[in-house]
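This report refers to the structure that appears directly beneath it.
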Protein chains: 2
Amino acid sequence: VASIGSAEILAVGSELIALGRVDTNSLYLTDQLAELGIAVRAKAIVGDDRRDLSALLGAALARAPLVITTGGLGPTDDDLTREVAAALLGRELQEHPVVLGAIAERFRRRGVSMPAINRRQAMVPAGALVLENPYGSAPGLLFDLGGRLLVLLPGPPREMRPMFEEHVRPLLVPLASGLRARRRVLKVTGRSESQVEEAAFPIYSQPPPAGIEIATTILASPGQIELHLSAVGPDASRTVALLAARVAALEAALGQAVFSTDGRSLEEVVGQALLSRGLRIAIGESCTGGLVTGRLTDVPGSSAWVVGGVVAYDNAVKVSELDVPPEVIARYGAVSEEVARAMAVGVCRRLCADVGVGITGIAGPGGGTPEKPVGTVAIAVSAETLTSRVSVFPGERDVVRRFASASALDMVRLVLGPP
Amino acid sequence: VASIGSAEILAVGSELIALGRVDTNSLYLTDQLAELGIAVRAKAIVGDDRRDLSALLGAALARAPLVITTGGLGPTDDDLTREVAAALLGRELQEHPVVLGAIAERFRRRGVSMPAINRRQAMVPAGALVLENPYGSAPGLLFDLGGRLLVLLPGPPREMRPMFEEHVRPLLVPLASGLRARRRVLKVTGRSESQVEEAAFPIYSQPPPAGIEIATTILASPGQIELHLSAVGPDASRTVALLAARVAALEAALGQAVFSTDGRSLEEVVGQALLSRGLRIAIGESCTGGLVTGRLTDVPGSSAWVVGGVVAYDNAVKVSELDVPPEVIARYGAVSEEVARAMAVGVCRRLCADVGVGITGIAGPGGGTPEKPVGTVAIAVSAETLTSRVSVFPGERDVVRRFASASALDMVRLVLGPP
C-alpha cells in the first residue's frame, strides 16, 4: 500500500436504516481518520442484503484507497460482511483454529459452552489479517489488496473503537498522507444565525494563501451559534497561524457575543467567571423549570460556585420561597421584568448567594396574550447592580426554554464582565 | 414509473462529512418513505466533489427505482448536484425564465436585488419537473426516467421537508408498493439492557407467521431502554395484530418496568398519573441540580401538576429551604436515605404540594468515598407513604445524573401505582 489520502466508510445493518439510528461509528472514524490526515470522501449505510452490500462495497473498493466497514460480523445469517467481502475479492473462507479457540475460550470464561452458530465467526478469508477482539466474539479482518486496504470492523462501538485504536490506527500512521486537519470552534450567543453570517462572511470568504484549504461552517441551535473552522495545509505551523488569525478576526467582528474560542460551554465560562471572583450563584426559575440550574450543575466542581435554586412554577412559591411581593405579581403580572427582578433579589438573599438570577416567562403552547405572546421571557440578574430585560423568543416550548436558558446564562456572563 | 418498493438516499455536502454532522434529512425521508411502504435500502453521504458525486449517484440510479438526493442545489461553485445529475442523464441545462423570475422576486420582496450568482439556480436540465421552493431560492427537480424516479431536493430541512410533503409525497402515494411498515415502541426503566434482552429474547426470536417480516431493536440510554418493533406484511390488520400480540407478551415478561407502549415519555406518564389523581408535585434536588424538575416542566400543561422545586446544592439550603434537620446531615451525611427523606417531606410541606421528591447523591467526578462511591444516589418520595432507596449508578457525571433523574421519576410512577 502506498500513501493513503482518502477513505470511504460503509456501515452495515438494516436496523441502522429502518430505525433512523445515527451511525455514530462513522462519526468516530471520520474524526480519527482526519487526525491522521485521511479525508473521508463518502460514507454509506446499507442493510443486511447480500446484493446491496456487494454493490456498495465493490463500488467503494473501486474508488477509495482505504475502505472501512462496520457491522455484519456477528454469528447469525444476517451477518454477511465477511462472506460478501470474501466473494468480492475471490478469497476462500476457511475455519481458523486460533480464532475458533479464542471464541470458544471467551464463552468458557463466562461459564457457557460456545453456541454452534458462533463457529461462523471463525471463518477467515484467505490472506486476511485477523484483528483480535477482546470485547466481543467477532474478530476484525484486514486485507492488504496491493495499493489499497479493506478493513472489516465489528458494529458495537465498544468493540469497534478499541480495535481501530489498537490494530488499525498504528498501521495507518505511516501510510497517511500527513496533511492533518486543524480545527477551531468559536461559540456565540445572543445573535441570530443571519447576524452571525453577515458579520462573519467578509472574513471566512477571503481566499486562503496558496496550498492551504480552509472551510467554515455555521451550526445554529436555540441560543447558541457555533462557527467551525477547519484547515489543511502542508506546513502545520502556517495552517495553525492562519486559523488563529481567522479566529481573531471573527472575534473582533462579533465582539462580546463570542463567549468561547477554546471549546468551553457557556455554563463553564460562567462558572469560571464566578470561581475566579469568589462568587456563588443562586437561580430562581419559572418557565425554564430548572434547566438553568441543571446546566450550571452539569459542570464538574460546580458545588464551589452554585448555592442552589428555586423552581417557582406556581406563583405561590414565588411569594413564599422567593419573597416576591404578591402586589408586584398582581400589578405587573407573573411574567414581567418587575417579578423577574424580585425573583433574582429574593433567591440571592434567601439562599445567601452573591449573584441571583430570576427568570419568568411563557414557554407555551398555552398562556400567551396579545401583549405577552408565547415566547415572552423576563430575565433579571442581581449582583452589584440589578439588570433585567424582556425578550420574545421564537419557536415551540422546548425551543423557548432553551433560548431563555442560554439568554439567562449569557446575561450573567455579561454582568460579571470580561475575565 | 411502475410500482416503487425501495429507494436510496444520497446526502450531498462536504460539511456533512467533515464536521461529523448528523444527516437528519435521511432520517426524516426514511420515516416518510416507510410510511408509504417504500423501504430505504441504502443511504450515503458524499462531499462536494464532482467525481465522487457522479460515481455514487450513477451507482444508486443503476440499483434503485427511486433515488432522492438532498443538498448541493445552492448558488455557489460547490453546489454540483444539478450539473452532475444533468451530465449523468445526458440532459442539457437551460435557464428557465419562470424559475429565474421566482428567484428574482424572492430577493425583491426582501428589498435586495438578486446576486448574479443565483442565476445558476434557474438552470434546469431538459425534461425535469421543477418543484417550487417557497422557503428558499433553490427549486427542487424531479426526473421521470421511465421505470425509475430521481428527485433532487435542497439541503436545509426547512426547505426540504415542505417540498417533499407538498410535491413529492403525493406523486409517490400511487406508486408505492403499499406494504407500509407498522411500528410499536415499548419503553422500560429500572432494568439493565441485558436484563431486558434476556426477558425479551424468547418473545422477539419467535419466527413470525409466513409473509410477515418483523424486526425488534433494543436502544439503551441511561435510565431508559426502548424496544422498537417494526413489521411489514401484505395484510395490514394481521400485521397490526401480530405487533399487538408481541407488545402484550413483552409487557407480560417485563412487568411494571414497562412504563409506556404508546410513545409517551416517563415525565408524561408521571404527569398524567398526577393529573388524573388531582395531585401536585414538588421536587427537592441536590445532585441532579434541577434536571428532574426540568424534565417534568418540559411537558406542556405541567403547571397544572408541578408546584415547583428547590435545588439544594449547598447543605445550608437543604436546612434553610427544605427544613432538613442539621443533625440528620451531621449524623448520616448529606448523601443518605435519611436526608433524601427529609428533603422529600420538606419540599412537599414548604411548597404545599401533595407529592414530594428528595434526591441527594454524588454525581462525581469528585466527592466519592469507599462507603459512598461516585454514583451513590439516595431518592425518596413522600406521598401517602414515605418511600426511599439508595442506588449506585455507573458512568460519568452526566450519566449518573441521567440515571438518577429517570430513577426518581420512576419511583414517583410506582408510588402512584397503575393508572
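Residues in the C-alpha cells are numbered from 1 in each chain, the chains being A, B, ... in the order shown, and ligands are numbered from 1 in the order shown.
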Fill in: Selection near segment 201-215 of chain A, 6 Å with only C-alpha atoms, sequence-local residues under 5 positions removed, as a PyMOL selection string
chain A and resi 229-233
Can I get the selected residues back with all heavy atoms, as a PDB file, in the first residue's frame?
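New file result_38.pdb:
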```
ATOM      1  N   LEU A 229     -14.157  26.104  12.149  1.00  0.00           N
ATOM      2  CA  LEU A 229     -13.153  26.351  11.119  1.00  0.00           C
ATOM      3  C   LEU A 229     -12.246  25.136  11.048  1.00  0.00           C
ATOM      4  O   LEU A 229     -11.811  24.611  12.071  1.00  0.00           O
ATOM      5  CB  LEU A 229     -12.302  27.574  11.469  1.00  0.00           C
ATOM      6  CG  LEU A 229     -12.981  28.946  11.363  1.00  0.00           C
ATOM      7  CD1 LEU A 229     -13.840  29.225  12.578  1.00  0.00           C
ATOM      8  CD2 LEU A 229     -11.928  30.034  11.221  1.00  0.00           C
ATOM      9  N   SER A 230     -11.981  24.697   9.836  1.00  0.00           N
ATOM     10  CA  SER A 230     -11.143  23.518   9.653  1.00  0.00           C
ATOM     11  C   SER A 230     -10.173  23.813   8.513  1.00  0.00           C
ATOM     12  O   SER A 230     -10.584  24.307   7.464  1.00  0.00           O
ATOM     13  CB  SER A 230     -12.082  22.348   9.324  1.00  0.00           C
ATOM     14  OG  SER A 230     -11.379  21.321   8.708  1.00  0.00           O
ATOM     15  N   ALA A 231      -8.896  23.571   8.737  1.00  0.00           N
ATOM     16  CA  ALA A 231      -7.897  23.906   7.715  1.00  0.00           C
ATOM     17  C   ALA A 231      -6.900  22.764   7.525  1.00  0.00           C
ATOM     18  O   ALA A 231      -6.548  22.066   8.471  1.00  0.00           O
ATOM     19  CB  ALA A 231      -7.154  25.190   8.090  1.00  0.00           C
ATOM     20  N   VAL A 232      -6.474  22.602   6.294  1.00  0.00           N
ATOM     21  CA  VAL A 232      -5.475  21.592   5.949  1.00  0.00           C
ATOM     22  C   VAL A 232      -4.400  22.259   5.102  1.00  0.00           C
ATOM     23  O   VAL A 232      -4.716  23.019   4.192  1.00  0.00           O
ATOM     24  CB  VAL A 232      -6.113  20.443   5.132  1.00  0.00           C
ATOM     25  CG1 VAL A 232      -5.051  19.449   4.684  1.00  0.00           C
ATOM     26  CG2 VAL A 232      -7.181  19.741   5.944  1.00  0.00           C
ATOM     27  N   GLY A 233      -3.145  21.986   5.432  1.00  0.00           N
ATOM     28  CA  GLY A 233      -2.060  22.542   4.633  1.00  0.00           C
ATOM     29  C   GLY A 233      -0.777  21.771   4.886  1.00  0.00           C
ATOM     30  O   GLY A 233      -0.678  21.049   5.890  1.00  0.00           O
TER      31      GLY A 233
END
```
Rows by chain and residue number, chain A within 6 Å of chain B, shortest pair, only C-alpha atoms, as a Markdown table:
```
| residue | atom | partner | partner_atom | distance |
| --- | --- | --- | --- | --- |
| A:Gly20 | CA | B:Leu27 | CA | 5.1 |
| A:Leu27 | CA | B:Gly20 | CA | 5.1 |
| A:Arg41 | CA | B:Gly47 | CA | 5.8 |
| A:Ala42 | CA | B:Val46 | CA | 4.3 |
| A:Lys43 | CA | B:Ile45 | CA | 5.2 |
| A:Ala44 | CA | B:Ala44 | CA | 3.8 |
| A:Ile45 | CA | B:Lys43 | CA | 5.2 |
| A:Val46 | CA | B:Ala42 | CA | 4.3 |
| A:Gly47 | CA | B:Arg41 | CA | 5.8 |
| A:Gly289 | CA | B:Gly294 | CA | 4.9 |
| A:Gly290 | CA | B:Gly290 | CA | 4.4 |
| A:Leu291 | CA | B:Gly294 | CA | 5.3 |
| A:Thr293 | CA | B:Gly290 | CA | 5.7 |
| A:Gly294 | CA | B:Gly290 | CA | 4.7 |
| A:Thr297 | CA | B:Gly289 | CA | 5.6 |
| A:Val307 | CA | B:Asp314 | CA | 5.1 |
| A:Gly308 | CA | B:Tyr313 | CA | 4.7 |
| A:Gly309 | CA | B:Val311 | CA | 4.6 |
| A:Val310 | CA | B:Val310 | CA | 4.3 |
| A:Val311 | CA | B:Gly309 | CA | 4.6 |
| A:Ala312 | CA | B:Gly308 | CA | 4.9 |
| A:Tyr313 | CA | B:Gly308 | CA | 4.7 |
| A:Asp314 | CA | B:Val307 | CA | 5.1 |
```
Restricted to C-alpha atoms, what would the selected residues look like written as a PDB file, in the first residue's frame?
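Dumped to out-v3.pdb:
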```pdb
ATOM      1  CA  GLY A  20     -33.448   6.045  11.973  1.00  0.00           C
ATOM      2  CA  LEU A  27     -18.611   9.964  13.021  1.00  0.00           C
ATOM      3  CA  ARG A  41     -14.890  11.370   0.914  1.00  0.00           C
ATOM      4  CA  ALA A  42     -18.096   9.390   1.173  1.00  0.00           C
ATOM      5  CA  LYS A  43     -19.874   7.186   3.643  1.00  0.00           C
ATOM      6  CA  ALA A  44     -22.840   4.926   3.273  1.00  0.00           C
ATOM      7  CA  ILE A  45     -25.214   2.798   5.275  1.00  0.00           C
ATOM      8  CA  VAL A  46     -26.538  -0.415   3.777  1.00  0.00           C
ATOM      9  CA  GLY A  47     -28.977  -3.037   5.049  1.00  0.00           C
ATOM     10  CA  GLY A 289     -38.268  24.911  35.240  1.00  0.00           C
ATOM     11  CA  GLY A 290     -34.782  24.047  36.495  1.00  0.00           C
ATOM     12  CA  LEU A 291     -32.903  23.966  33.196  1.00  0.00           C
ATOM     13  CA  THR A 293     -29.609  25.315  37.389  1.00  0.00           C
ATOM     14  CA  GLY A 294     -29.353  21.961  35.603  1.00  0.00           C
ATOM     15  CA  THR A 297     -24.608  21.946  37.892  1.00  0.00           C
ATOM     16  CA  VAL A 307     -25.549  27.503  46.043  1.00  0.00           C
ATOM     17  CA  GLY A 308     -28.789  26.185  44.578  1.00  0.00           C
ATOM     18  CA  GLY A 309     -32.054  27.305  43.080  1.00  0.00           C
ATOM     19  CA  VAL A 310     -35.777  27.519  43.446  1.00  0.00           C
ATOM     20  CA  VAL A 311     -38.162  26.479  40.700  1.00  0.00           C
ATOM     21  CA  ALA A 312     -41.145  28.694  41.392  1.00  0.00           C
ATOM     22  CA  TYR A 313     -43.594  27.292  38.903  1.00  0.00           C
ATOM     23  CA  ASP A 314     -46.601  28.214  40.962  1.00  0.00           C
TER      24      ASP A 314
END
```
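Taking only C-alpha atoms, the non-local environment of Leu409 of chain B within 8 Å (same-chain residues fewer than 2 positions away omitted) comprises Leu266, Glu267, Val270, Val292, Ser405, Ala406, Ser407, Met411, Val412 and Arg413 of chain B.
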Can I get the selected residues back with C-alpha atoms, as a tab-separated table (two decimals), in the first residue's frame?
```
chain	number	residue	atom	x	y	z
B	266	LEU	CA	-41.63	8.93	31.52
B	267	GLU	CA	-42.37	12.53	32.55
B	270	VAL	CA	-45.91	10.70	35.68
B	292	VAL	CA	-35.93	16.27	37.37
B	405	SER	CA	-33.40	11.60	37.16
B	406	ALA	CA	-35.02	8.59	35.48
B	407	SER	CA	-34.93	6.63	38.71
B	411	MET	CA	-40.18	5.93	41.81
B	412	VAL	CA	-42.96	8.53	41.64
B	413	ARG	CA	-44.67	6.45	38.94
```
Item to complete: Check segment 96-236 of chain A with DSSP on the backbone and list each residue it calls alpha helix (DSSP H), as a PyMOL selection string.
Response: chain A and resi 97-109+157-163+169-172+193-204+236
Keeping C-alpha atoms for every residue in the selection just given, could you write it to a file as a PDB file, in the first residue's frame?
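Result file out34.pdb:
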```pdb
ATOM      1  CA  PRO A  97      -8.337 -22.765  14.520  1.00  0.00           C
ATOM      2  CA  VAL A  98      -6.787 -19.974  16.630  1.00  0.00           C
ATOM      3  CA  VAL A  99      -9.806 -17.711  16.121  1.00  0.00           C
ATOM      4  CA  LEU A 100     -12.161 -20.575  16.909  1.00  0.00           C
ATOM      5  CA  GLY A 101     -10.203 -21.312  20.091  1.00  0.00           C
ATOM      6  CA  ALA A 102     -10.378 -17.665  21.178  1.00  0.00           C
ATOM      7  CA  ILE A 103     -14.151 -17.509  20.640  1.00  0.00           C
ATOM      8  CA  ALA A 104     -14.703 -20.802  22.493  1.00  0.00           C
ATOM      9  CA  GLU A 105     -12.466 -19.583  25.346  1.00  0.00           C
ATOM     10  CA  ARG A 106     -14.495 -16.384  25.578  1.00  0.00           C
ATOM     11  CA  PHE A 107     -17.672 -18.381  26.160  1.00  0.00           C
ATOM     12  CA  ARG A 108     -15.903 -20.774  28.549  1.00  0.00           C
ATOM     13  CA  ARG A 109     -14.831 -17.848  30.752  1.00  0.00           C
ATOM     14  CA  PRO A 157     -18.793   0.829  19.315  1.00  0.00           C
ATOM     15  CA  ARG A 158     -17.258  -0.689  22.464  1.00  0.00           C
ATOM     16  CA  GLU A 159     -15.716  -3.407  20.255  1.00  0.00           C
ATOM     17  CA  MET A 160     -15.020  -1.299  17.165  1.00  0.00           C
ATOM     18  CA  ARG A 161     -13.221   1.615  18.814  1.00  0.00           C
ATOM     19  CA  PRO A 162     -10.526  -0.299  20.727  1.00  0.00           C
ATOM     20  CA  MET A 163      -9.950  -2.496  17.662  1.00  0.00           C
ATOM     21  CA  ARG A 169      -4.528   3.155  13.614  1.00  0.00           C
ATOM     22  CA  PRO A 170      -0.883   2.047  14.093  1.00  0.00           C
ATOM     23  CA  LEU A 171      -0.916   0.527  10.591  1.00  0.00           C
ATOM     24  CA  LEU A 172      -2.340   3.718   9.059  1.00  0.00           C
ATOM     25  CA  GLU A 193     -27.719  32.951  12.659  1.00  0.00           C
ATOM     26  CA  SER A 194     -28.099  35.583   9.947  1.00  0.00           C
ATOM     27  CA  GLN A 195     -26.452  38.266  12.105  1.00  0.00           C
ATOM     28  CA  VAL A 196     -23.501  35.949  12.675  1.00  0.00           C
ATOM     29  CA  GLU A 197     -23.393  35.006   8.982  1.00  0.00           C
ATOM     30  CA  GLU A 198     -23.384  38.671   7.954  1.00  0.00           C
ATOM     31  CA  ALA A 199     -20.585  39.594  10.343  1.00  0.00           C
ATOM     32  CA  ALA A 200     -18.521  36.502   9.562  1.00  0.00           C
ATOM     33  CA  PHE A 201     -18.927  36.343   5.781  1.00  0.00           C
ATOM     34  CA  PRO A 202     -16.320  39.002   4.860  1.00  0.00           C
ATOM     35  CA  ILE A 203     -13.787  37.064   6.946  1.00  0.00           C
ATOM     36  CA  TYR A 204     -14.432  33.475   6.041  1.00  0.00           C
ATOM     37  CA  ALA A 236       1.358  22.765  10.163  1.00  0.00           C
TER      38      ALA A 236
END
```
Worksheet item: Leaving out Gln256 of chain B and any residue of its chain fewer than 2 positions from it, which residues lie within 12 Å of it when counting only C-alpha atoms, given as a list in words?
Response: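 Answer for this query is Leu186, Lys187, Val188, Thr189, Gly190, Arg191, Leu250, Glu251, Ala252, Ala253, Leu254, Val258, Phe259, Ser260, Thr261, Asp410, Met411, Arg413, Leu414, Val415, Gly417, Pro418 and Pro419 of chain B.
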Worksheet item: as a count of residues only, which residues of segment 321-364 of chain B does DSSP assign to strand (DSSP E)?
Response: 7
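Residues within 8 Å of Thr360 of chain B, counting only C-alpha atoms and excluding same-chain residues fewer than 2 positions away, are B:Glu285, B:Ser286, B:Cys287, B:Thr288, B:Ala334, B:Val335, B:Ser336, B:Val339, B:Ala340, B:Gly358, B:Ile362, B:Val377, B:Ala378, B:Ile379.
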Could the residues in this selection be written to a file with all heavy atoms, as a PDB file, in the first residue's frame?
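again12.pdb, written as the output of this step:
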```pdb
ATOM      1  N   GLU B 285     -33.995  18.760  44.902  1.00  0.00           N
ATOM      2  CA  GLU B 285     -32.901  18.072  44.211  1.00  0.00           C
ATOM      3  C   GLU B 285     -31.559  18.564  44.714  1.00  0.00           C
ATOM      4  O   GLU B 285     -31.375  19.750  44.932  1.00  0.00           O
ATOM      5  CB  GLU B 285     -32.943  18.351  42.699  1.00  0.00           C
ATOM      6  CG  GLU B 285     -34.265  18.048  42.042  1.00  0.00           C
ATOM      7  CD  GLU B 285     -34.211  18.214  40.527  1.00  0.00           C
ATOM      8  OE1 GLU B 285     -33.331  17.610  39.884  1.00  0.00           O
ATOM      9  OE2 GLU B 285     -35.043  18.955  39.987  1.00  0.00           O
ATOM     10  N   SER B 286     -30.615  17.650  44.822  1.00  0.00           N
ATOM     11  CA  SER B 286     -29.244  18.088  45.052  1.00  0.00           C
ATOM     12  C   SER B 286     -28.389  17.697  43.842  1.00  0.00           C
ATOM     13  O   SER B 286     -28.202  18.504  42.935  1.00  0.00           O
ATOM     14  CB  SER B 286     -28.697  17.507  46.348  1.00  0.00           C
ATOM     15  OG  SER B 286     -27.371  17.931  46.528  1.00  0.00           O
ATOM     16  N   CYS B 287     -27.963  16.448  43.728  1.00  0.00           N
ATOM     17  CA  CYS B 287     -27.010  16.086  42.674  1.00  0.00           C
ATOM     18  C   CYS B 287     -27.587  16.234  41.267  1.00  0.00           C
ATOM     19  O   CYS B 287     -26.855  16.446  40.311  1.00  0.00           O
ATOM     20  CB  CYS B 287     -26.497  14.664  42.867  1.00  0.00           C
ATOM     21  SG  CYS B 287     -27.788  13.423  42.747  1.00  0.00           S
ATOM     22  N   THR B 288     -28.897  16.100  41.125  1.00  0.00           N
ATOM     23  CA  THR B 288     -29.490  16.237  39.792  1.00  0.00           C
ATOM     24  C   THR B 288     -29.683  17.707  39.410  1.00  0.00           C
ATOM     25  O   THR B 288     -29.982  18.008  38.251  1.00  0.00           O
ATOM     26  CB  THR B 288     -30.835  15.491  39.711  1.00  0.00           C
ATOM     27  OG1 THR B 288     -31.584  15.795  40.882  1.00  0.00           O
ATOM     28  CG2 THR B 288     -30.623  13.996  39.624  1.00  0.00           C
ATOM     29  N   ALA B 334     -24.720  14.042  54.000  1.00  0.00           N
ATOM     30  CA  ALA B 334     -25.664  14.702  53.084  1.00  0.00           C
ATOM     31  C   ALA B 334     -26.216  13.712  52.065  1.00  0.00           C
ATOM     32  O   ALA B 334     -27.340  13.871  51.590  1.00  0.00           O
ATOM     33  CB  ALA B 334     -24.984  15.871  52.378  1.00  0.00           C
ATOM     34  N   VAL B 335     -25.413  12.710  51.699  1.00  0.00           N
ATOM     35  CA  VAL B 335     -25.909  11.689  50.768  1.00  0.00           C
ATOM     36  C   VAL B 335     -26.333  10.473  51.585  1.00  0.00           C
ATOM     37  O   VAL B 335     -25.519   9.624  51.948  1.00  0.00           O
ATOM     38  CB  VAL B 335     -24.835  11.306  49.726  1.00  0.00           C
ATOM     39  CG1 VAL B 335     -25.348  10.183  48.833  1.00  0.00           C
ATOM     40  CG2 VAL B 335     -24.461  12.525  48.896  1.00  0.00           C
ATOM     41  N   SER B 336     -27.605  10.440  51.935  1.00  0.00           N
ATOM     42  CA  SER B 336     -28.134   9.349  52.754  1.00  0.00           C
ATOM     43  C   SER B 336     -29.637   9.269  52.537  1.00  0.00           C
ATOM     44  O   SER B 336     -30.277  10.253  52.152  1.00  0.00           O
ATOM     45  CB  SER B 336     -27.835   9.616  54.236  1.00  0.00           C
ATOM     46  OG  SER B 336     -28.455  10.834  54.646  1.00  0.00           O
ATOM     47  N   VAL B 339     -31.485  11.860  54.666  1.00  0.00           N
ATOM     48  CA  VAL B 339     -31.547  13.236  54.153  1.00  0.00           C
ATOM     49  C   VAL B 339     -32.512  13.315  52.966  1.00  0.00           C
ATOM     50  O   VAL B 339     -33.298  14.258  52.843  1.00  0.00           O
ATOM     51  CB  VAL B 339     -30.139  13.766  53.795  1.00  0.00           C
ATOM     52  CG1 VAL B 339     -30.227  15.060  52.997  1.00  0.00           C
ATOM     53  CG2 VAL B 339     -29.330  13.980  55.069  1.00  0.00           C
ATOM     54  N   ALA B 340     -32.474  12.299  52.082  1.00  0.00           N
ATOM     55  CA  ALA B 340     -33.405  12.298  50.946  1.00  0.00           C
ATOM     56  C   ALA B 340     -34.847  12.324  51.442  1.00  0.00           C
ATOM     57  O   ALA B 340     -35.688  13.050  50.907  1.00  0.00           O
ATOM     58  CB  ALA B 340     -33.169  11.071  50.058  1.00  0.00           C
ATOM     59  N   GLY B 358     -37.237  13.810  47.049  1.00  0.00           N
ATOM     60  CA  GLY B 358     -35.924  14.252  47.536  1.00  0.00           C
ATOM     61  C   GLY B 358     -34.830  13.439  46.879  1.00  0.00           C
ATOM     62  O   GLY B 358     -34.924  12.215  46.809  1.00  0.00           O
ATOM     63  N   ILE B 362     -23.928  11.621  44.770  1.00  0.00           N
ATOM     64  CA  ILE B 362     -22.573  12.023  44.369  1.00  0.00           C
ATOM     65  C   ILE B 362     -22.428  11.747  42.883  1.00  0.00           C
ATOM     66  O   ILE B 362     -22.252  10.596  42.464  1.00  0.00           O
ATOM     67  CB  ILE B 362     -21.503  11.238  45.160  1.00  0.00           C
ATOM     68  CG1 ILE B 362     -21.756  11.390  46.674  1.00  0.00           C
ATOM     69  CG2 ILE B 362     -20.099  11.708  44.798  1.00  0.00           C
ATOM     70  CD1 ILE B 362     -21.174  10.262  47.494  1.00  0.00           C
ATOM     71  N   VAL B 377     -26.648   7.458  44.952  1.00  0.00           N
ATOM     72  CA  VAL B 377     -27.745   8.426  44.945  1.00  0.00           C
ATOM     73  C   VAL B 377     -28.866   7.896  45.829  1.00  0.00           C
ATOM     74  O   VAL B 377     -29.295   6.747  45.683  1.00  0.00           O
ATOM     75  CB  VAL B 377     -28.281   8.670  43.518  1.00  0.00           C
ATOM     76  CG1 VAL B 377     -29.435   9.681  43.545  1.00  0.00           C
ATOM     77  CG2 VAL B 377     -27.171   9.170  42.590  1.00  0.00           C
ATOM     78  N   ALA B 378     -29.312   8.735  46.767  1.00  0.00           N
ATOM     79  CA  ALA B 378     -30.464   8.391  47.605  1.00  0.00           C
ATOM     80  C   ALA B 378     -31.675   9.166  47.094  1.00  0.00           C
ATOM     81  O   ALA B 378     -31.578  10.361  46.812  1.00  0.00           O
ATOM     82  CB  ALA B 378     -30.185   8.748  49.063  1.00  0.00           C
ATOM     83  N   ILE B 379     -32.793   8.458  46.926  1.00  0.00           N
ATOM     84  CA  ILE B 379     -34.013   9.075  46.406  1.00  0.00           C
ATOM     85  C   ILE B 379     -35.170   8.727  47.338  1.00  0.00           C
ATOM     86  O   ILE B 379     -35.278   7.574  47.785  1.00  0.00           O
ATOM     87  CB  ILE B 379     -34.330   8.558  44.988  1.00  0.00           C
ATOM     88  CG1 ILE B 379     -33.133   8.824  44.053  1.00  0.00           C
ATOM     89  CG2 ILE B 379     -35.596   9.212  44.429  1.00  0.00           C
ATOM     90  CD1 ILE B 379     -33.317   8.260  42.654  1.00  0.00           C
TER      91      ILE B 379
END
```
Worksheet item: By how many Å are atom CA of Asn118 of chain A and atom CA of Leu73 of chain A apart?
Response: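 Distance between the two atoms: 10.5 Å.
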Worksheet entry | Residue among A:Ile281, A:Leu416, A:Val185, A:Val355 lying closest to Val247 of chain A, counting only C-alpha atoms |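 Among the listed residues, A:Val185 lies closest to Val247 of chain A.
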Practice prompt. Quick one: everything within 7 Å of Ile117 of chain B, counting only C-alpha atoms, minus sequence neighbours fewer than 2 positions away in the same chain. Send it as a VMD selection string.
Written response: chain B and resid 75 to 76 115 119 to 120
